[in-house]
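target_26.cif follows; it contains mmCIF, C-alpha atoms.
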```
data_upload
loop_
_atom_site.group_PDB
_atom_site.id
_atom_site.type_symbol
_atom_site.label_atom_id
_atom_site.label_comp_id
_atom_site.auth_asym_id
_atom_site.auth_seq_id
_atom_site.Cartn_x
_atom_site.Cartn_y
_atom_site.Cartn_z
ATOM 1 C CA MET A 10 262.896 -51.361 18.534
ATOM 2 C CA SER A 11 263.169 -54.593 16.590
ATOM 3 C CA TRP A 12 266.565 -55.706 15.357
ATOM 4 C CA PHE A 13 264.920 -57.555 12.475
ATOM 5 C CA LYS A 14 262.648 -56.357 9.712
ATOM 6 C CA ARG A 15 260.859 -58.414 7.079
ATOM 7 C CA LYS A 16 261.113 -57.130 3.525
ATOM 8 C CA GLY A 17 259.219 -59.347 1.127
ATOM 9 C CA SER A 18 260.262 -62.942 1.730
ATOM 10 C CA ASN A 19 263.615 -62.015 3.338
ATOM 11 C CA ILE A 20 264.513 -60.977 6.865
ATOM 12 C CA VAL A 21 267.238 -58.371 7.215
ATOM 13 C CA THR A 22 268.972 -57.157 10.348
ATOM 14 C CA GLU A 23 269.012 -53.536 11.355
ATOM 15 C CA THR A 24 271.403 -51.756 13.687
ATOM 16 C CA PRO A 25 269.482 -50.169 16.571
ATOM 17 C CA LYS A 26 269.604 -46.398 16.319
ATOM 18 C CA ASP A 27 270.541 -46.104 19.988
ATOM 19 C CA MET A 28 273.570 -48.420 19.692
ATOM 20 C CA PRO A 29 276.679 -46.358 20.614
ATOM 21 C CA GLU A 30 279.741 -46.589 18.399
ATOM 22 C CA GLY A 31 282.589 -48.763 19.649
ATOM 23 C CA VAL A 32 280.360 -51.090 21.697
ATOM 24 C CA TRP A 33 281.278 -54.124 19.568
ATOM 25 C CA VAL A 34 284.880 -55.094 18.794
ATOM 26 C CA LYS A 35 285.881 -57.353 15.915
ATOM 27 C CA VAL A 36 288.310 -60.183 16.620
ATOM 28 C CA PRO A 37 290.941 -60.141 13.826
ATOM 29 C CA VAL A 38 291.624 -63.897 13.733
ATOM 30 C CA THR A 39 288.009 -65.081 13.705
ATOM 31 C CA GLY A 40 285.945 -62.155 12.426
ATOM 32 C CA GLU A 41 283.597 -62.546 15.390
ATOM 33 C CA THR A 42 282.364 -59.515 17.305
ATOM 34 C CA VAL A 43 282.648 -59.274 21.073
ATOM 35 C CA HIS A 44 281.029 -56.759 23.382
ATOM 36 C CA ARG A 45 283.566 -54.203 24.571
ATOM 37 C CA ARG A 46 282.519 -54.580 28.204
ATOM 38 C CA GLU A 47 283.113 -58.329 28.033
ATOM 39 C CA LEU A 48 286.641 -57.733 26.747
ATOM 40 C CA GLU A 49 287.384 -55.133 29.411
ATOM 41 C CA GLU A 50 286.241 -57.546 32.132
ATOM 42 C CA ASN A 51 288.448 -60.281 30.657
ATOM 43 C CA ALA A 52 291.688 -58.233 30.431
ATOM 44 C CA TRP A 53 291.137 -57.637 26.711
ATOM 45 C CA VAL A 54 291.276 -61.347 25.891
ATOM 46 C CA CYS A 55 288.551 -62.790 23.663
ATOM 47 C CA PRO A 56 286.729 -65.336 25.865
ATOM 48 C CA VAL A 57 285.984 -67.595 22.867
ATOM 49 C CA SER A 58 289.140 -67.602 20.728
ATOM 50 C CA GLY A 59 291.666 -66.489 23.358
ATOM 51 C CA TYR A 60 292.924 -63.721 21.061
ATOM 52 C CA HIS A 61 294.917 -61.139 23.028
ATOM 53 C CA PHE A 62 294.120 -57.548 22.106
ATOM 54 C CA SER A 63 296.666 -54.869 22.888
ATOM 55 C CA MET A 64 296.317 -53.468 26.413
ATOM 56 C CA ASP A 65 297.735 -50.210 27.717
ATOM 57 C CA SER A 66 299.940 -49.664 30.749
ATOM 58 C CA LYS A 67 297.024 -48.752 33.014
ATOM 59 C CA GLY A 68 295.318 -52.000 32.085
ATOM 60 C CA TYR A 69 298.373 -54.024 33.105
ATOM 61 C CA PHE A 70 298.812 -52.075 36.346
ATOM 62 C CA ASP A 71 295.162 -52.602 37.265
ATOM 63 C CA LEU A 72 295.445 -56.291 36.384
ATOM 64 C CA LEU A 73 298.608 -56.982 38.382
ATOM 65 C CA PHE A 74 298.469 -54.812 41.496
ATOM 66 C CA ASP A 75 296.265 -55.815 44.408
ATOM 67 C CA SER A 76 293.068 -53.746 44.632
ATOM 68 C CA GLN A 77 294.445 -51.727 41.685
ATOM 69 C CA GLU A 78 296.567 -49.788 44.170
ATOM 70 C CA TYR A 79 300.063 -48.721 43.166
ATOM 71 C CA THR A 80 302.427 -45.753 43.208
ATOM 72 C CA GLU A 81 303.673 -44.429 39.899
ATOM 73 C CA LEU A 82 307.392 -43.722 39.874
ATOM 74 C CA PHE A 83 309.385 -41.123 37.928
ATOM 75 C CA PRO A 84 306.541 -39.081 36.411
ATOM 76 C CA GLY A 85 307.259 -35.815 34.654
ATOM 77 C CA ILE A 86 310.063 -37.030 32.376
ATOM 78 C CA VAL A 87 309.428 -35.931 28.789
ATOM 79 C CA SER A 88 311.416 -36.144 25.569
ATOM 80 C CA ALA A 89 313.357 -33.245 24.110
ATOM 81 C CA ASP A 90 314.099 -32.808 20.419
ATOM 82 C CA PRO A 91 317.913 -32.676 20.342
ATOM 83 C CA LEU A 92 318.117 -33.346 16.584
ATOM 84 C CA SER A 93 315.326 -30.931 15.574
ATOM 85 C CA PHE A 94 314.013 -33.910 13.633
ATOM 86 C CA THR A 95 311.311 -33.513 10.990
ATOM 87 C CA ASP A 96 309.678 -36.075 8.720
ATOM 88 C CA ARG A 97 306.020 -35.564 7.854
ATOM 89 C CA LYS A 98 305.860 -33.215 10.827
ATOM 90 C CA PRO A 99 308.339 -31.895 13.402
ATOM 91 C CA TYR A 100 309.144 -34.384 16.150
ATOM 92 C CA ALA A 101 308.321 -31.789 18.807
ATOM 93 C CA ASP A 102 304.820 -31.416 17.357
ATOM 94 C CA ARG A 103 304.410 -35.187 17.166
ATOM 95 C CA LEU A 104 305.290 -35.505 20.851
ATOM 96 C CA LYS A 105 302.735 -32.880 21.863
ATOM 97 C CA GLU A 106 300.101 -34.518 19.685
ATOM 98 C CA MET A 107 300.678 -37.976 21.191
ATOM 99 C CA GLN A 108 300.770 -36.618 24.740
ATOM 100 C CA LYS A 109 297.406 -34.941 24.183
ATOM 101 C CA LYS A 110 295.890 -37.968 22.431
ATOM 102 C CA THR A 111 297.028 -40.652 24.905
ATOM 103 C CA GLY A 112 297.362 -38.710 28.154
ATOM 104 C CA LEU A 113 300.842 -40.219 28.502
ATOM 105 C CA GLU A 114 304.181 -38.452 28.856
ATOM 106 C CA ASP A 115 305.975 -41.082 26.758
ATOM 107 C CA ALA A 116 305.874 -44.767 25.833
ATOM 108 C CA ALA A 117 306.714 -46.223 29.254
ATOM 109 C CA ARG A 118 305.410 -45.971 32.801
ATOM 110 C CA VAL A 119 306.789 -47.408 36.046
ATOM 111 C CA ALA A 120 304.852 -48.342 39.177
ATOM 112 C CA VAL A 121 305.482 -50.155 42.449
ATOM 113 C CA GLY A 122 302.980 -51.991 44.620
ATOM 114 C CA LYS A 123 301.808 -55.350 45.915
ATOM 115 C CA SER A 124 300.853 -58.242 43.642
ATOM 116 C CA ARG A 125 299.357 -61.154 45.572
ATOM 117 C CA ARG A 126 301.082 -59.644 48.605
ATOM 118 C CA ASN A 127 304.479 -59.690 46.886
ATOM 119 C CA ASP A 128 306.303 -56.381 46.384
ATOM 120 C CA MET A 129 306.911 -55.780 42.697
ATOM 121 C CA VAL A 130 308.191 -53.024 40.432
ATOM 122 C CA VAL A 131 306.498 -52.999 37.028
ATOM 123 C CA ALA A 132 307.787 -51.063 34.035
ATOM 124 C CA CYS A 133 305.232 -51.198 31.242
ATOM 125 C CA MET A 134 305.494 -49.914 27.687
ATOM 126 C CA ASP A 135 302.515 -48.492 25.832
ATOM 127 C CA PHE A 136 302.163 -49.071 22.095
ATOM 128 C CA ARG A 137 299.758 -46.161 21.689
ATOM 129 C CA PHE A 138 302.612 -43.675 22.076
ATOM 130 C CA ILE A 139 304.509 -43.630 18.747
ATOM 131 C CA GLY A 140 304.330 -47.416 18.472
ATOM 132 C CA GLY A 141 305.904 -47.967 21.877
ATOM 133 C CA SER A 142 309.208 -46.818 20.400
ATOM 134 C CA MET A 143 312.195 -46.622 22.718
ATOM 135 C CA GLY A 144 313.689 -43.171 22.980
ATOM 136 C CA SER A 145 315.644 -41.429 25.719
ATOM 137 C CA VAL A 146 312.684 -41.215 28.096
ATOM 138 C CA VAL A 147 311.813 -44.905 27.788
ATOM 139 C CA GLY A 148 315.453 -45.853 28.364
ATOM 140 C CA GLU A 149 315.716 -43.523 31.341
ATOM 141 C CA LYS A 150 312.523 -44.820 32.963
ATOM 142 C CA ILE A 151 313.567 -48.446 32.457
ATOM 143 C CA ALA A 152 317.018 -47.647 33.904
ATOM 144 C CA ARG A 153 315.500 -45.895 36.932
ATOM 145 C CA ALA A 154 313.068 -48.788 37.453
ATOM 146 C CA ILE A 155 316.041 -51.182 37.510
ATOM 147 C CA ASP A 156 317.903 -48.980 39.990
ATOM 148 C CA TYR A 157 314.823 -48.725 42.222
ATOM 149 C CA ALA A 158 314.362 -52.507 42.201
ATOM 150 C CA ARG A 159 318.071 -53.016 42.998
ATOM 151 C CA GLU A 160 318.164 -50.471 45.823
ATOM 152 C CA HIS A 161 314.967 -51.744 47.447
ATOM 153 C CA LYS A 162 315.551 -55.460 46.692
ATOM 154 C CA ILE A 163 312.199 -55.755 44.941
ATOM 155 C CA PRO A 164 311.607 -58.093 41.952
ATOM 156 C CA LEU A 165 311.272 -56.299 38.631
ATOM 157 C CA LEU A 166 308.810 -57.025 35.827
ATOM 158 C CA ILE A 167 309.222 -55.283 32.461
ATOM 159 C CA ILE A 168 306.311 -55.564 30.026
ATOM 160 C CA SER A 169 307.504 -54.914 26.489
ATOM 161 C CA GLN A 170 305.282 -53.704 23.675
ATOM 162 C CA SER A 171 307.281 -51.897 21.047
ATOM 163 C CA GLY A 172 308.151 -51.419 17.415
ATOM 164 C CA GLY A 173 311.791 -50.788 18.358
ATOM 165 C CA ALA A 174 314.092 -47.792 18.678
ATOM 166 C CA ARG A 175 312.747 -44.287 18.061
ATOM 167 C CA MET A 176 314.398 -43.057 14.871
ATOM 168 C CA MET A 177 313.568 -39.408 15.645
ATOM 169 C CA GLU A 178 316.239 -39.469 18.364
ATOM 170 C CA GLY A 179 318.916 -41.199 16.297
ATOM 171 C CA VAL A 180 321.926 -42.512 18.197
ATOM 172 C CA LEU A 181 320.468 -41.286 21.507
ATOM 173 C CA SER A 182 317.784 -43.929 21.081
ATOM 174 C CA LEU A 183 320.309 -46.653 20.236
ATOM 175 C CA MET A 184 322.328 -45.768 23.347
ATOM 176 C CA GLN A 185 319.404 -46.967 25.472
ATOM 177 C CA LEU A 186 320.110 -50.576 24.448
ATOM 178 C CA ALA A 187 323.533 -50.537 26.108
ATOM 179 C CA LYS A 188 322.345 -48.404 29.016
ATOM 180 C CA THR A 189 319.467 -50.677 30.050
ATOM 181 C CA SER A 190 321.499 -53.846 29.469
ATOM 182 C CA ALA A 191 324.292 -52.570 31.739
ATOM 183 C CA LYS A 192 321.760 -51.692 34.442
ATOM 184 C CA LEU A 193 320.310 -55.220 34.258
ATOM 185 C CA ALA A 194 323.791 -56.650 34.756
ATOM 186 C CA GLN A 195 324.007 -54.665 38.000
ATOM 187 C CA LEU A 196 320.576 -55.969 39.025
ATOM 188 C CA SER A 197 321.731 -59.528 38.431
ATOM 189 C CA GLU A 198 324.880 -58.976 40.492
ATOM 190 C CA ALA A 199 322.666 -57.743 43.342
ATOM 191 C CA GLY A 200 320.651 -60.973 43.189
ATOM 192 C CA VAL A 201 317.322 -59.263 42.456
ATOM 193 C CA PRO A 202 315.000 -61.205 40.129
ATOM 194 C CA PHE A 203 314.025 -59.761 36.750
ATOM 195 C CA ILE A 204 311.065 -61.140 34.789
ATOM 196 C CA SER A 205 310.523 -60.047 31.189
ATOM 197 C CA LEU A 206 307.071 -60.279 29.612
ATOM 198 C CA MET A 207 306.910 -59.860 25.841
ATOM 199 C CA THR A 208 303.560 -58.883 24.360
ATOM 200 C CA ASN A 209 302.423 -58.210 20.803
ATOM 201 C CA PRO A 210 304.578 -56.804 19.272
ATOM 202 C CA THR A 211 308.036 -56.855 20.835
ATOM 203 C CA THR A 212 310.527 -56.022 18.108
ATOM 204 C CA GLY A 213 313.659 -54.104 17.165
ATOM 205 C CA GLY A 214 315.987 -52.635 19.751
ATOM 206 C CA VAL A 215 313.773 -53.604 22.676
ATOM 207 C CA THR A 216 314.110 -57.288 21.744
ATOM 208 C CA ALA A 217 317.841 -56.734 21.223
ATOM 209 C CA SER A 218 318.258 -55.387 24.768
ATOM 210 C CA TYR A 219 316.280 -55.786 27.976
ATOM 211 C CA ALA A 220 313.333 -57.814 26.663
ATOM 212 C CA MET A 221 315.461 -60.932 26.176
ATOM 213 C CA LEU A 222 317.610 -60.556 29.310
ATOM 214 C CA GLY A 223 315.151 -61.747 31.943
ATOM 215 C CA ASP A 224 315.937 -64.373 34.536
ATOM 216 C CA PHE A 225 312.632 -65.644 33.166
ATOM 217 C CA ASN A 226 311.401 -64.661 29.711
ATOM 218 C CA LEU A 227 307.633 -64.871 29.288
ATOM 219 C CA GLY A 228 305.417 -64.269 26.285
ATOM 220 C CA GLU A 229 301.723 -63.748 25.696
ATOM 221 C CA PRO A 230 299.973 -66.184 23.333
ATOM 222 C CA GLY A 231 300.403 -65.288 19.671
ATOM 223 C CA ALA A 232 302.728 -62.363 20.353
ATOM 224 C CA LEU A 233 305.046 -61.239 17.548
ATOM 225 C CA ILE A 234 308.572 -61.277 18.978
ATOM 226 C CA GLY A 235 311.665 -60.603 16.910
ATOM 227 C CA PHE A 236 314.343 -58.159 15.841
ATOM 228 C CA ALA A 237 313.927 -57.514 12.115
ATOM 229 C CA GLY A 238 310.630 -58.145 10.352
ATOM 230 C CA PRO A 239 309.949 -61.381 8.429
ATOM 231 C CA ARG A 240 310.154 -59.602 5.061
ATOM 232 C CA VAL A 241 313.623 -58.224 5.795
ATOM 233 C CA ILE A 242 314.862 -61.604 7.038
ATOM 234 C CA ARG A 243 313.436 -63.396 4.011
ATOM 235 C CA GLN A 244 315.147 -60.992 1.641
ATOM 236 C CA THR A 245 318.431 -61.228 3.560
ATOM 237 C CA ILE A 246 318.740 -65.028 3.715
ATOM 238 C CA GLY A 247 316.909 -65.714 0.465
ATOM 239 C CA ARG A 248 314.744 -68.451 1.966
ATOM 240 C CA ASP A 249 311.128 -68.905 2.962
ATOM 241 C CA LEU A 250 310.540 -68.755 6.703
ATOM 242 C CA PRO A 251 308.927 -71.534 8.771
ATOM 243 C CA GLU A 252 305.232 -71.278 9.532
ATOM 244 C CA GLY A 253 304.572 -69.290 12.674
ATOM 245 C CA PHE A 254 308.075 -67.783 12.598
ATOM 246 C CA GLN A 255 308.585 -65.094 15.284
ATOM 247 C CA THR A 256 305.458 -66.000 17.222
ATOM 248 C CA ALA A 257 305.700 -66.646 20.951
ATOM 249 C CA GLU A 258 304.863 -70.286 20.327
ATOM 250 C CA TYR A 259 307.749 -70.669 17.848
ATOM 251 C CA LEU A 260 310.193 -69.011 20.257
ATOM 252 C CA LEU A 261 309.061 -71.239 23.124
ATOM 253 C CA GLU A 262 309.618 -74.336 20.985
ATOM 254 C CA HIS A 263 313.128 -73.153 20.104
ATOM 255 C CA GLY A 264 314.178 -72.225 23.628
ATOM 256 C CA PHE A 265 313.948 -68.428 23.569
ATOM 257 C CA LEU A 266 311.032 -68.261 26.024
ATOM 258 C CA ASP A 267 310.517 -70.027 29.342
ATOM 259 C CA PHE A 268 306.722 -69.781 29.448
ATOM 260 C CA ILE A 269 303.755 -68.591 27.475
ATOM 261 C CA VAL A 270 301.236 -67.135 29.912
ATOM 262 C CA PRO A 271 297.664 -66.145 28.987
ATOM 263 C CA ARG A 272 296.982 -62.673 30.301
ATOM 264 C CA THR A 273 294.059 -63.850 32.418
ATOM 265 C CA GLN A 274 296.479 -66.140 34.296
ATOM 266 C CA LEU A 275 299.363 -63.676 34.483
ATOM 267 C CA LYS A 276 298.878 -62.461 38.044
ATOM 268 C CA SER A 277 298.571 -65.953 39.525
ATOM 269 C CA ARG A 278 301.530 -67.316 37.524
ATOM 270 C CA LEU A 279 303.711 -64.387 38.579
ATOM 271 C CA ALA A 280 302.722 -64.944 42.214
ATOM 272 C CA LYS A 281 303.806 -68.598 42.048
ATOM 273 C CA LEU A 282 307.072 -67.628 40.385
ATOM 274 C CA LEU A 283 307.802 -64.866 42.888
ATOM 275 C CA ASN A 284 307.041 -67.171 45.804
ATOM 276 C CA VAL A 285 309.606 -69.656 44.467
ATOM 277 C CA LEU A 286 312.158 -66.900 43.818
ATOM 278 C CA ASN A 287 311.672 -65.322 47.240
ATOM 279 C CA LYS A 288 312.381 -68.639 48.942
ATOM 280 C CA LYS A 289 315.475 -69.072 46.791
ATOM 281 C CA TYR A 290 316.863 -65.619 47.553
ATOM 282 C CA GLU A 291 316.161 -65.980 51.268
ATOM 283 C CA GLN A 292 318.895 -68.654 51.311
ATOM 284 C CA PRO A 293 322.544 -67.493 51.501
ATOM 285 C CA LEU A 294 324.293 -67.512 48.130
ATOM 286 C CA GLN A 295 326.890 -70.259 47.783
ATOM 287 C CA ASP A 296 330.305 -69.618 46.246
#
```
Kindly return the structure encoded in the file as structure tokens.
Amino acid sequence: MSWFKRKGSNIVTETPKDMPEGVWVKVPVTGETVHRRELEENAWVCPVSGYHFSMDSKGYFDLLFDSQEYTELFPGIVSADPLSFTDRKPYADRLKEMQKKTGLEDAARVAVGKSRRNDMVVACMDFRFIGGSMGSVVGEKIARAIDYAREHKIPLLIISQSGGARMMEGVLSLMQLAKTSAKLAQLSEAGVPFISLMTNPTTGGVTASYAMLGDFNLGEPGALIGFAGPRVIRQTIGRDLPEGFQTAEYLLEHGFLDFIVPRTQLKSRLAKLLNVLNKKYEQPLQD
């Protein structure tokens, strides 16, 4: 079937009737369309503009672990509804709905495996589940991932992708900031490396806790990273914000990030970093 049809003196394009929906994906920054398969093969990075689309936890696990082989840790942990919270719908119903829609138990997963022959524990958040919000389950999985890395002396990578604390769990959600930060202090005392990767977006309580506590803090290109949103900050200080404020590039320039790593280079860059760290930690610590 022809994609073009002449009507009078003009030529108009027609969408083939056998074209499945969702085959083409629009790039927000350029307006260009990219074939979905091309994005999937390029780790959901536009090959022309370099725009980084959001990628789920499975995508990161498949990208980082050798031969896409890994063992998921701590499955079966699900949120309760201790506050019997209700907004537009009961929190318990929202949880069931998101679990059915995403196939996830909550907004974080943990896995262990080999990445370029280096052992690595990866805790990855998933924005699809209630905006990657950090509730009790996310805090518990991150804490257990830290403990596992400490007990087995395996480097830890946490991939953050979150809108912040989960308001439906109130103070129980806020407690996860202190809990995960304390666990990371124990990891540091044990001399086990922790690498934090911040993707788009990394905001709120996640930024205020473990996301910014890495031995190395990495960001993906163009990622929004911050605590409060630009509108709230602008209203609070009564001043216009600099161009590019709260982007990964701005934070790198001002010393909050160590590297910006394109996703397509993430596995190789992590391997180089881990090789350096492993040599360092093989040496006896000096007083």
Which residues would end up in the selection if the PyMOL selection byres ((chain A and resi 104) around 10) were applied here, given that I need the answer as a PyMOL selection string?
chain A and resi 87-90+99-103+105-110+114-115+138-139
Please, could you write that set of residues out with C-alpha atoms as an mmCIF file, in the frame of the given file?
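Contents of part.cif, as written:
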```cif
data_model
loop_
_atom_site.group_PDB
_atom_site.id
_atom_site.type_symbol
_atom_site.label_atom_id
_atom_site.label_comp_id
_atom_site.auth_asym_id
_atom_site.auth_seq_id
_atom_site.Cartn_x
_atom_site.Cartn_y
_atom_site.Cartn_z
ATOM 1 C CA VAL A 87 309.428 -35.931 28.789
ATOM 2 C CA SER A 88 311.416 -36.144 25.569
ATOM 3 C CA ALA A 89 313.357 -33.245 24.110
ATOM 4 C CA ASP A 90 314.099 -32.808 20.419
ATOM 5 C CA PRO A 99 308.339 -31.895 13.402
ATOM 6 C CA TYR A 100 309.144 -34.384 16.150
ATOM 7 C CA ALA A 101 308.321 -31.789 18.807
ATOM 8 C CA ASP A 102 304.820 -31.416 17.357
ATOM 9 C CA ARG A 103 304.410 -35.187 17.166
ATOM 10 C CA LYS A 105 302.735 -32.880 21.863
ATOM 11 C CA GLU A 106 300.101 -34.518 19.685
ATOM 12 C CA MET A 107 300.678 -37.976 21.191
ATOM 13 C CA GLN A 108 300.770 -36.618 24.740
ATOM 14 C CA LYS A 109 297.406 -34.941 24.183
ATOM 15 C CA LYS A 110 295.890 -37.968 22.431
ATOM 16 C CA GLU A 114 304.181 -38.452 28.856
ATOM 17 C CA ASP A 115 305.975 -41.082 26.758
ATOM 18 C CA PHE A 138 302.612 -43.675 22.076
ATOM 19 C CA ILE A 139 304.509 -43.630 18.747
#
```
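Among the candidates A:Thr212, A:Asn127, A:Asn226, A:Ser182, the one nearest to Leu286 (chain A) when counting all atoms listed in the file is A:Asn127.
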For the structure shown, which residues end up in the PyMOL selection byres ((chain A and resi 141-148) around 8)? Put them as a PyMOL selection string, please?
chain A and resi 86-88+115-117+134-140+149-152+170-175+178+181-183+185-186+188-189+214-215
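For the file shown, the residue list from the PyMOL selection byres ((chain A and resi 33-37) around 9) reads Glu30, Gly31, Val32, Val38, Thr39, Gly40, Glu41, Thr42, Val43, His44, Arg45, Arg46, Leu48, Cys55, Ser58, Tyr60 and Phe62 of chain A.
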For CA of Ala217 (chain A) and CA of Ser93 (chain A), quote the distance in Å rounded to one decimal.
26.5 Å
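Between Gly253 (chain A) and the residues A:Leu92, A:Leu266, A:Val241, A:Ile234, the shortest atom-to-atom distance, using only C-alpha atoms, involves A:Ile234.
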Would you mind listing what lies within 8 Å of region 271-276 of chain A as a ChimeraX atom specification, with only C-alpha atoms counted and same-chain residues fewer than 5 positions away left out?
/A:51-52,54,61,72-73,124-125,229-230
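Distances from A:Tyr79, A:Tyr259, A:Tyr69, A:Trp53 to Ile167 (chain A) were compared using only C-alpha atoms, and the smallest one belongs to A:Tyr69.
Take the candidates A:Leu250, A:Ser277, A:Tyr219, A:Val121 and check each one against His161 (chain A) using only C-alpha atoms; the shortest distance goes to A:Val121.
CA of Thr216 (chain A) is positioned 15.2 Å from CA of Ala132 (chain A).
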Quick one, how far is CA of Gly238 (chain A) from CA of Val119 (chain A)?
28.1 Å
Who sits within 7 Å of Gly122 (chain A), only C-alpha atoms, same chain under 3 positions skipped, as a ChimeraX atom specification:
/A:74,78-80,128-130
Could you put an axis-aligned box around every listed atom of region 90-109 of chain A, padded by 3 Å on each side, and send me its centre and edge lengths in Å to one decimal, as JSON?
```
{"center_x": 307.8, "center_y": -34.5, "center_z": 16.3, "size_x": 26.7, "size_y": 13.0, "size_z": 22.9}
```
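The shortest atom-to-atom distance to Asp71 (chain A), with only C-alpha atoms taken into account, belongs to A:Lys123 out of A:Leu233, A:Lys123, A:Ser169, A:Met176.
Residues of protein, DNA and RNA with at least one atom no farther than 7 Å from (312.7, -61.9, 26.0) are, using all atoms listed in the file, Ser205, Leu206, Met207, Thr216, Ala220, Met221, Leu222, Gly223, Asn226, Leu227 and Leu266 of chain A.
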From the list A:Thr111, A:Gln77, A:Ser66, A:Asn287, the nearest residue to Gly200 (chain A) using all atoms listed in the file is A:Asn287
